[in-house]
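Novice: Structure file model-v4.txt, compact mmCIF, C-alpha atoms, is pasted below:
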```
# COMPACT_ATOMS: atom_id res chain seq x y z
CA MET A 84 18.37 -14.73 -9.74
CA ALA A 85 18.06 -12.32 -12.64
CA VAL A 86 14.83 -10.52 -13.39
CA SER A 87 13.27 -12.26 -16.39
CA GLN A 88 12.41 -10.37 -19.56
CA GLU A 89 8.81 -11.57 -19.33
CA LEU A 90 8.39 -9.79 -15.99
CA LEU A 91 10.02 -6.64 -17.30
CA ASP A 92 7.88 -6.46 -20.43
CA ILE A 93 4.95 -4.87 -18.65
CA LEU A 94 7.03 -2.09 -17.07
CA VAL A 95 6.88 1.45 -18.40
CA CYS A 96 8.60 4.67 -17.39
CA PRO A 97 6.65 6.01 -14.39
CA LEU A 98 7.06 9.53 -15.74
CA CYS A 99 6.22 9.36 -19.46
CA LYS A 100 4.65 5.86 -19.53
CA ALA A 101 6.81 4.81 -22.50
CA PRO A 102 8.18 1.24 -22.59
CA VAL A 103 11.52 0.57 -20.92
CA LYS A 104 14.23 -1.78 -22.18
CA LEU A 105 16.85 -3.74 -20.31
CA THR A 106 20.27 -2.12 -20.56
CA ALA A 107 23.16 -4.05 -22.09
CA ASP A 108 24.65 -4.77 -18.67
CA SER A 109 21.22 -5.93 -17.33
CA GLN A 110 21.61 -3.51 -14.44
CA GLY A 111 18.93 -1.08 -15.46
CA LEU A 112 15.84 -0.30 -17.50
CA LYS A 113 15.99 2.55 -19.97
CA CYS A 114 13.06 4.62 -21.13
CA GLY A 115 13.10 5.05 -24.89
CA GLN A 116 11.46 8.45 -24.62
CA CYS A 117 13.06 10.43 -21.76
CA ARG A 118 16.28 8.31 -21.60
CA ARG A 119 16.00 7.81 -17.88
CA VAL A 120 17.68 4.62 -16.70
CA TYR A 121 16.04 2.96 -13.70
CA PRO A 122 18.38 0.73 -11.70
CA ILE A 123 17.69 -2.91 -10.83
CA LYS A 124 18.81 -3.53 -7.24
CA ASP A 125 18.67 -6.93 -5.55
CA ASP A 126 16.62 -8.20 -8.53
CA ILE A 127 14.03 -5.49 -7.90
CA PRO A 128 13.38 -2.87 -10.61
CA VAL A 129 13.59 0.50 -8.87
CA MET A 130 11.04 2.51 -10.82
CA LEU A 131 11.50 5.75 -8.89
CA VAL A 132 12.07 8.92 -10.89
CA ASP A 133 14.43 10.28 -8.23
CA GLU A 134 16.60 7.17 -8.42
CA ALA A 135 16.94 7.23 -12.20
CA ARG A 136 19.80 8.82 -14.12
CA ILE A 137 19.33 10.44 -17.48
CA GLU A 138 21.62 8.97 -20.08
CA SER A 139 23.11 11.17 -22.74
CA GLU A 140 21.85 10.72 -26.29
CA GLY A 141 23.69 8.18 -28.38
CA ASN A 142 24.91 6.11 -25.43
CA PRO A 143 24.44 2.56 -26.74
CA SER A 144 23.64 0.95 -23.40
CA VAL A 145 20.37 -0.75 -24.31
CA SER A 146 20.47 -4.41 -25.26
CA GLY A 147 18.87 -5.72 -28.42
CA SER A 148 16.06 -3.71 -29.91
CA MET B 1338 3.48 12.21 -2.84
CA SER B 1339 6.05 14.86 -1.96
CA LYS B 1340 9.70 13.87 -1.81
CA LYS B 1341 9.69 14.74 1.91
CA HIS B 1342 6.72 12.49 2.75
CA ALA B 1343 8.10 9.70 0.53
CA GLY B 1344 11.32 9.92 2.57
CA ILE B 1345 9.36 9.67 5.84
CA VAL B 1346 7.47 6.61 4.56
CA GLN B 1347 10.68 4.93 3.38
CA LYS B 1348 12.42 5.65 6.70
CA GLN B 1349 9.50 4.33 8.75
CA PHE B 1350 9.06 1.13 6.74
CA THR B 1351 12.77 0.44 6.40
CA LYS B 1352 12.94 0.59 10.20
CA THR B 1353 9.95 -1.70 10.63
CA ALA B 1354 10.41 -4.07 7.66
CA GLU B 1355 11.51 -6.94 9.87
CA ALA B 1356 8.82 -6.33 12.48
CA PHE B 1357 6.17 -6.20 9.78
CA SER B 1358 7.39 -9.46 8.33
CA THR B 1359 7.77 -11.50 11.49
CA PHE B 1360 6.46 -11.00 14.99
CA ALA B 1361 4.07 -8.19 14.29
CA THR B 1362 2.43 -9.21 11.03
CA ARG B 1363 -0.77 -7.30 10.48
CA ASP B 1364 -2.93 -10.14 9.24
CA THR B 1365 -3.48 -13.77 10.06
CA PRO B 1366 -3.70 -16.27 7.17
CA GLU B 1367 -7.47 -16.34 7.79
CA MET B 1368 -7.74 -12.57 7.36
CA LEU B 1369 -5.76 -12.72 4.12
CA ALA B 1370 -7.92 -15.59 2.86
CA GLU B 1371 -11.02 -13.53 3.60
CA ARG B 1372 -9.61 -10.61 1.63
CA VAL B 1373 -8.72 -12.87 -1.30
CA ALA B 1374 -12.21 -14.40 -1.35
CA PHE B 1375 -13.76 -10.93 -1.16
CA ALA B 1376 -12.00 -9.96 -4.42
CA LYS B 1377 -13.33 -13.07 -6.26
CA PRO B 1378 -10.11 -13.69 -8.19
CA GLN B 1379 -10.20 -15.72 -11.42
CA PRO B 1380 -7.48 -18.13 -12.66
CA ASP B 1381 -6.77 -16.12 -15.81
CA GLU B 1382 -6.43 -12.76 -14.06
CA ILE B 1383 -3.39 -10.56 -13.43
CA ALA B 1384 -3.41 -8.90 -10.02
CA LEU B 1385 -1.45 -5.99 -8.59
CA ASP B 1386 -1.00 -5.11 -4.92
CA VAL B 1387 -0.13 -1.44 -4.47
CA ALA B 1388 1.96 -0.70 -1.36
CA CYS B 1389 2.43 -4.44 -0.93
CA GLY B 1390 4.92 -4.31 1.96
CA PRO B 1391 6.55 -7.73 2.47
CA GLY B 1392 4.08 -9.32 0.06
CA ALA B 1393 1.61 -11.20 2.28
CA LEU B 1394 -1.41 -10.40 0.12
CA VAL B 1395 0.51 -11.05 -3.12
CA PHE B 1396 1.40 -14.54 -1.87
CA ALA B 1397 -2.14 -15.19 -0.63
CA MET B 1398 -3.53 -14.11 -4.01
CA ALA B 1399 -0.97 -15.83 -6.28
CA PRO B 1400 -2.49 -19.36 -6.13
CA HIS B 1401 -5.83 -17.96 -7.29
CA VAL B 1402 -4.71 -15.92 -10.32
CA HIS B 1403 -2.47 -16.26 -13.36
CA PHE B 1404 0.06 -13.77 -12.00
CA ALA B 1405 0.33 -11.51 -8.96
CA ARG B 1406 2.55 -8.46 -8.84
CA GLY B 1407 3.43 -6.22 -5.90
CA ILE B 1408 4.79 -2.70 -5.78
CA ASP B 1409 6.05 -0.76 -2.79
CA LEU B 1410 7.96 2.45 -2.12
CA THR B 1411 10.36 0.84 0.36
CA HIS B 1412 13.20 -1.37 -0.84
CA ALA B 1413 13.67 -3.17 2.51
CA MET B 1414 10.06 -4.39 2.38
CA LEU B 1415 10.57 -5.78 -1.10
CA ARG B 1416 13.74 -7.59 -0.10
CA GLN B 1417 11.69 -9.27 2.63
CA ALA B 1418 9.08 -10.12 0.01
CA LEU B 1419 11.66 -11.81 -2.23
CA ALA B 1420 13.01 -13.79 0.73
CA PHE B 1421 9.48 -14.99 1.56
CA GLN B 1422 8.85 -15.81 -2.08
CA ALA B 1423 11.91 -18.05 -2.16
CA GLN B 1424 10.76 -19.82 1.03
CA LEU B 1425 7.23 -20.28 -0.27
CA ARG B 1426 8.42 -21.27 -3.77
CA ILE B 1427 5.82 -19.12 -5.43
CA THR B 1428 6.72 -18.70 -9.09
CA ASN B 1429 3.84 -16.59 -10.42
CA ALA B 1430 4.63 -13.38 -8.54
CA CYS B 1431 7.13 -10.55 -8.77
CA PHE B 1432 7.85 -7.18 -7.17
CA ASP B 1433 8.75 -3.66 -8.27
CA GLN B 1434 9.76 -0.60 -6.30
CA GLY B 1435 7.74 2.46 -7.18
CA GLU B 1436 5.35 5.21 -6.16
CA CYS B 1437 1.63 4.73 -5.97
CA GLU B 1438 1.03 8.06 -7.71
CA ARG B 1439 3.33 7.10 -10.59
CA LEU B 1440 2.82 3.42 -11.22
CA PRO B 1441 5.29 2.05 -13.81
CA TYR B 1442 2.63 0.15 -15.74
CA PRO B 1443 0.68 0.90 -18.91
CA ASP B 1444 -3.01 1.78 -18.94
CA ALA B 1445 -5.49 -1.08 -18.44
CA ALA B 1446 -2.80 -3.62 -17.50
CA PHE B 1447 -4.48 -5.41 -14.57
CA ASP B 1448 -7.71 -7.26 -13.84
CA LEU B 1449 -7.53 -6.82 -10.09
CA ILE B 1450 -5.80 -4.07 -8.17
CA MET B 1451 -5.48 -4.24 -4.42
CA CYS B 1452 -4.41 -1.64 -1.90
CA GLN B 1453 -4.68 -2.55 1.74
CA PHE B 1454 -4.00 -0.34 4.74
CA ALA B 1455 -1.88 2.04 2.71
CA LEU B 1456 -4.07 4.96 1.67
CA HIS B 1457 -3.77 6.42 5.18
CA HIS B 1458 -0.05 6.90 4.46
CA MET B 1459 -0.75 8.96 1.39
CA PRO B 1460 -1.20 12.74 1.62
CA ARG B 1461 -3.01 12.63 -1.75
CA PRO B 1462 -5.05 9.40 -1.70
CA GLU B 1463 -7.13 10.73 -4.59
CA ALA B 1464 -4.02 10.68 -6.82
CA ALA B 1465 -3.29 7.08 -5.90
CA ILE B 1466 -6.88 6.04 -6.59
CA GLU B 1467 -6.81 7.75 -9.98
CA GLU B 1468 -3.55 6.00 -10.84
CA MET B 1469 -4.89 2.60 -9.76
CA LYS B 1470 -7.92 3.20 -11.92
CA ARG B 1471 -5.67 4.06 -14.86
CA VAL B 1472 -3.83 0.72 -14.72
CA SER B 1473 -7.05 -1.24 -14.20
CA LYS B 1474 -8.83 -2.77 -17.16
CA ALA B 1475 -12.25 -1.24 -17.85
CA GLU B 1476 -13.91 -4.39 -16.54
CA GLY B 1477 -11.35 -4.75 -13.73
CA ARG B 1478 -11.85 -4.47 -9.97
CA LEU B 1479 -10.19 -2.49 -7.21
CA LEU B 1480 -9.98 -3.88 -3.71
CA ILE B 1481 -9.41 -1.15 -1.15
CA ALA B 1482 -9.06 -1.93 2.56
CA ASP B 1483 -8.14 0.60 5.20
CA THR B 1484 -8.77 1.79 8.71
CA LEU B 1485 -11.53 4.36 8.99
CA GLY B 1486 -11.28 7.60 10.91
CA PRO B 1487 -14.12 8.81 13.16
CA GLU B 1488 -16.81 10.89 11.48
CA SER B 1489 -16.83 13.57 14.19
CA ASP B 1490 -14.33 16.37 13.47
CA GLU B 1491 -13.02 16.54 17.05
CA LYS B 1492 -12.55 12.78 17.35
CA TRP B 1493 -11.00 12.64 13.87
CA GLU B 1494 -8.37 15.23 14.74
CA LEU B 1495 -7.30 13.59 18.01
CA HIS B 1496 -7.46 10.11 16.46
CA ASN B 1497 -5.12 11.10 13.65
CA ARG B 1498 -2.85 13.07 15.98
CA ILE B 1499 -2.27 9.89 17.97
CA GLU B 1500 -1.76 7.88 14.78
CA VAL B 1501 0.91 10.33 13.57
CA MET B 1502 2.58 10.25 16.99
CA ARG B 1503 2.89 6.48 16.66
CA ASP B 1504 3.91 6.52 13.01
CA PRO B 1505 5.17 9.75 11.39
CA SER B 1506 4.39 8.32 7.94
CA HIS B 1507 0.68 8.29 8.78
CA ALA B 1508 -1.11 10.96 6.73
CA ALA B 1509 -4.76 10.55 7.78
CA SER B 1510 -7.29 7.79 8.38
CA LEU B 1511 -10.11 8.74 6.05
CA ARG B 1512 -13.71 8.64 7.16
CA LEU B 1513 -16.13 6.19 5.59
CA THR B 1514 -18.01 9.12 4.07
CA THR B 1515 -14.75 10.47 2.60
CA PHE B 1516 -13.94 7.11 1.01
CA LEU B 1517 -17.38 6.83 -0.54
CA LYS B 1518 -17.14 10.39 -1.88
CA LEU B 1519 -13.67 9.69 -3.32
CA PHE B 1520 -14.92 6.57 -5.08
CA GLU B 1521 -17.86 8.43 -6.55
CA GLU B 1522 -15.68 11.34 -7.71
CA HIS B 1523 -13.37 8.91 -9.49
CA GLY B 1524 -16.16 7.04 -11.25
CA LEU B 1525 -15.87 3.92 -9.12
CA SER B 1526 -18.92 2.02 -7.96
CA VAL B 1527 -18.95 -0.05 -4.77
CA LEU B 1528 -19.66 -3.67 -5.73
CA ARG B 1529 -19.21 -5.06 -2.21
CA GLN B 1530 -18.40 -3.52 1.14
CA THR B 1531 -17.72 -4.72 4.66
CA LEU B 1532 -17.06 -2.73 7.84
CA LYS B 1533 -15.57 -4.48 10.84
CA PRO B 1534 -14.24 -3.48 14.25
CA ARG B 1535 -10.78 -4.81 14.91
CA PRO B 1536 -9.73 -4.85 18.57
CA ARG B 1537 -6.01 -4.99 19.22
CA SER B 1538 -3.42 -4.56 21.93
CA PHE B 1539 -2.13 -1.00 22.19
CA HIS B 1540 1.28 -2.34 23.18
CA ARG B 1541 1.64 -4.60 20.13
CA TRP B 1542 0.27 -1.89 17.89
CA MET B 1543 3.04 0.46 19.03
CA LEU B 1544 5.73 -2.22 18.70
CA ARG B 1545 4.68 -2.90 15.12
CA ALA B 1546 5.54 0.72 14.36
CA GLY B 1547 8.91 0.28 16.06
CA VAL B 1548 7.94 2.33 19.14
CA GLU B 1549 9.04 0.71 22.39
CA ALA B 1550 7.42 1.31 25.79
CA SER B 1551 10.44 3.37 26.87
CA ASN B 1552 9.91 5.80 24.00
CA ARG B 1553 8.40 9.20 24.80
CA ARG B 1554 6.03 8.86 21.83
CA TYR B 1555 4.69 5.58 23.24
CA GLN B 1556 4.01 7.20 26.59
CA GLU B 1557 2.45 10.30 25.08
CA ALA B 1558 0.18 8.29 22.76
CA ARG B 1559 -0.94 6.15 25.69
CA ARG B 1560 -1.60 9.22 27.83
CA LEU B 1561 -3.72 10.81 25.11
CA ILE B 1562 -5.72 7.63 24.55
CA GLU B 1563 -6.29 7.11 28.28
CA GLU B 1564 -7.38 10.72 28.79
CA ALA B 1565 -9.82 10.36 25.91
CA ILE B 1566 -11.52 7.22 27.25
CA PRO B 1567 -14.48 9.14 28.79
CA GLY B 1568 -16.77 9.83 25.87
CA ASP B 1569 -14.39 7.93 23.54
CA ARG B 1570 -13.00 11.29 22.42
CA ALA B 1571 -10.23 9.76 20.28
CA GLY B 1572 -12.49 7.23 18.58
CA PHE B 1573 -10.40 4.22 19.61
CA SER B 1574 -13.05 2.68 21.91
CA ALA B 1575 -10.14 2.11 24.31
CA GLN B 1576 -10.48 -0.09 27.40
CA TYR B 1577 -8.04 -1.17 30.07
CA ASP B 1578 -6.75 -4.73 29.76
CA GLY B 1579 -4.39 -5.42 32.67
CA ASP B 1580 -1.28 -3.30 32.06
CA ASP B 1581 -2.22 -2.85 28.45
CA LEU B 1582 -5.07 -1.14 26.62
CA THR B 1583 -7.36 -2.68 24.06
CA ILE B 1584 -8.06 -0.29 21.22
CA VAL B 1585 -10.36 -0.75 18.26
CA HIS B 1586 -9.80 0.23 14.65
CA TYR B 1587 -12.75 0.16 12.30
CA GLU B 1588 -11.72 -1.39 9.03
CA GLY B 1589 -13.49 -0.92 5.75
CA MET B 1590 -13.08 -3.18 2.75
CA PHE B 1591 -14.46 -2.16 -0.62
CA LEU B 1592 -14.58 -3.96 -3.95
CA LEU B 1593 -14.94 -1.36 -6.67
CA GLY B 1594 -15.74 -1.42 -10.37
CA GLN B 1595 -15.47 1.31 -12.93
CA GLN B 1596 -18.71 3.07 -13.68
CA LEU B 1597 -19.41 3.40 -17.36
CA ALA B 1598 -20.22 6.96 -18.32
CA PRO B 1599 -23.46 7.17 -20.33
CA GLU B 1600 -21.62 8.32 -23.48
CA SER B 1601 -19.33 5.30 -23.36
CA HIS B 1602 -22.27 3.11 -24.41
CA SER B 1603 -22.60 4.96 -27.71
CA GLY B 1604 -19.90 2.90 -29.49
```
Show me the file's structure as structure tokens.
Specialist:
Amino acid sequence: MAVSQELLDILVCPLCKAPVKLTADSQGLKCGQCRRVYPIKDDIPVMLVDEARIESEGNPSVSGS
Amino acid sequence: MSKKHAGIVQKQFTKTAEAFSTFATRDTPEMLAERVAFAKPQPDEIALDVACGPGALVFAMAPHVHFARGIDLTHAMLRQALAFQAQLRITNACFDQGECERLPYPDAAFDLIMCQFALHHMPRPEAAIEEMKRVSKAEGRLLIADTLGPESDEKWELHNRIEVMRDPSHAASLRLTTFLKLFEEHGLSVLRQTLKPRPRSFHRWMLRAGVEASNRRYQEARRLIEEAIPGDRAGFSAQYDGDDLTIVHYEGMFLLGQQLAPESHSG
């Protein structure tokens, strides 16, 4: 069962409180501001700063717009 | 919450996720129903349970609101929650993993925010309360339930020493007076409040934390409680019950609203 977009819409980056977007592979949520990518494990968004990785600028991993 | 304490909490609740979810559940359906009724949920509301564990309160609340969300620090608890959700076929609920001091939600996102029996795990409960207030709508409500520590300094120290011995993720059971001061300092007014004694088996209480009778911590906690029976020096109101002890936790439940500062009326 994938996490639905509707349920993800309310989520923000726990650090900078900017909206997050589903990555192209649907495996993570990327903050548009600090570029942290929070993983989705077992259909659960893991919104822990320590578990996020910071993606380099220009990496086109976010789906849609 | 420090990384070290977060690690202790995750370790403790990963170990006890199954026990919490099955044989040693904290609350009966009646207790959960009482808590839900206390919060006066409305059908159009969005609710959040902070430190939701395996989701019992989220599932009890879901039929009464538009949507119920749960967040917890420990992944194993949330996996249990999703398994229960599938069994119960509840469709208006979901779960996130996150920290109570850094909630991954925008300001004023929820009508009702709940946090039950979790603040005593938090070394900085004031930070969690401030964060819950941030994600609450101005007209929203906070439901806080927790065990209360004894008011006397000596009892409070021994009481919490025993609690930490049982569960290393325990930070401190706050006193009633501390809770009320915290609420006031954070601009929260008490709309409703109940205080109840909750007797329980010492043995089952220890098992729920994953501490078996053969464990040195079990034996030491029991020794300390027994020694403190005269004068109730640990504040557990302990009594012998056959081979077991009956101990009492005092539980406080508070429904809070945000106080409007005088200047906020000017607009």
Novice: Looking at only C-alpha atoms, which of A:Val103, A:Ile123, A:Cys117, A:Cys96 is the one that sits closest to chain B?
Specialist: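 The answer is A:Cys96, which sits nearest to chain B.
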Novice: What is the atom CA of Asp1444 of chain B-atom CA of Ser109 of chain A distance in Å, reported with one decimal?
Specialist: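 Separation of atom CA of Asp1444 of chain B and atom CA of Ser109 of chain A: 25.5 Å.
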Novice: Taking all atoms listed in the file into account and nothing else, which residues of chain A lie no more than 9 Å away from chain B? Please answer as a ChimeraX atom specification.
Specialist: /A:86,90,93-98,100-102,124-133
Novice: Next, write the just-selected residues to a file, as a PDB file, keeping the file's coordinate frame, keeping C-alpha atoms as the atom set.
Specialist:
```
ATOM      1  CA  VAL A  86      14.830 -10.520 -13.390  1.00  0.00           C
ATOM      2  CA  LEU A  90       8.390  -9.790 -15.990  1.00  0.00           C
ATOM      3  CA  ILE A  93       4.950  -4.870 -18.650  1.00  0.00           C
ATOM      4  CA  LEU A  94       7.030  -2.090 -17.070  1.00  0.00           C
ATOM      5  CA  VAL A  95       6.880   1.450 -18.400  1.00  0.00           C
ATOM      6  CA  CYS A  96       8.600   4.670 -17.390  1.00  0.00           C
ATOM      7  CA  PRO A  97       6.650   6.010 -14.390  1.00  0.00           C
ATOM      8  CA  LEU A  98       7.060   9.530 -15.740  1.00  0.00           C
ATOM      9  CA  LYS A 100       4.650   5.860 -19.530  1.00  0.00           C
ATOM     10  CA  ALA A 101       6.810   4.810 -22.500  1.00  0.00           C
ATOM     11  CA  PRO A 102       8.180   1.240 -22.590  1.00  0.00           C
ATOM     12  CA  LYS A 124      18.810  -3.530  -7.240  1.00  0.00           C
ATOM     13  CA  ASP A 125      18.670  -6.930  -5.550  1.00  0.00           C
ATOM     14  CA  ASP A 126      16.620  -8.200  -8.530  1.00  0.00           C
ATOM     15  CA  ILE A 127      14.030  -5.490  -7.900  1.00  0.00           C
ATOM     16  CA  PRO A 128      13.380  -2.870 -10.610  1.00  0.00           C
ATOM     17  CA  VAL A 129      13.590   0.500  -8.870  1.00  0.00           C
ATOM     18  CA  MET A 130      11.040   2.510 -10.820  1.00  0.00           C
ATOM     19  CA  LEU A 131      11.500   5.750  -8.890  1.00  0.00           C
ATOM     20  CA  VAL A 132      12.070   8.920 -10.890  1.00  0.00           C
ATOM     21  CA  ASP A 133      14.430  10.280  -8.230  1.00  0.00           C
TER      22      ASP A 133
END
```
Novice: Take the point (17.0, 2.5, -18.4) as written in the file and pick out every residue within 7 Å of it, counting all atoms listed in the file; give the list as a ChimeraX atom specification.
Specialist: /A:103-106,111-114,118-121
Novice: To one decimal place, how far is atom CA of Glu1500 of chain B from atom CA of Leu1456 of chain B in Å?
Specialist: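 We find that atom CA of Glu1500 of chain B and atom CA of Leu1456 of chain B lie 13.6 Å from each other.
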Novice: Just how far from atom CA of Glu1468 of chain B is atom CA of Pro122 of chain A, in Å to one decimal?
Specialist: 22.6 Å
Novice: Can you work out which one of B:Glu1476, B:Lys1533, B:Met1414, B:Tyr1577 has the shortest atom-to-atom distance to Lys1348 of chain B, counting all atoms listed in the file?
Specialist: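 So, comparing all the options, the nearest one is B:Met1414.
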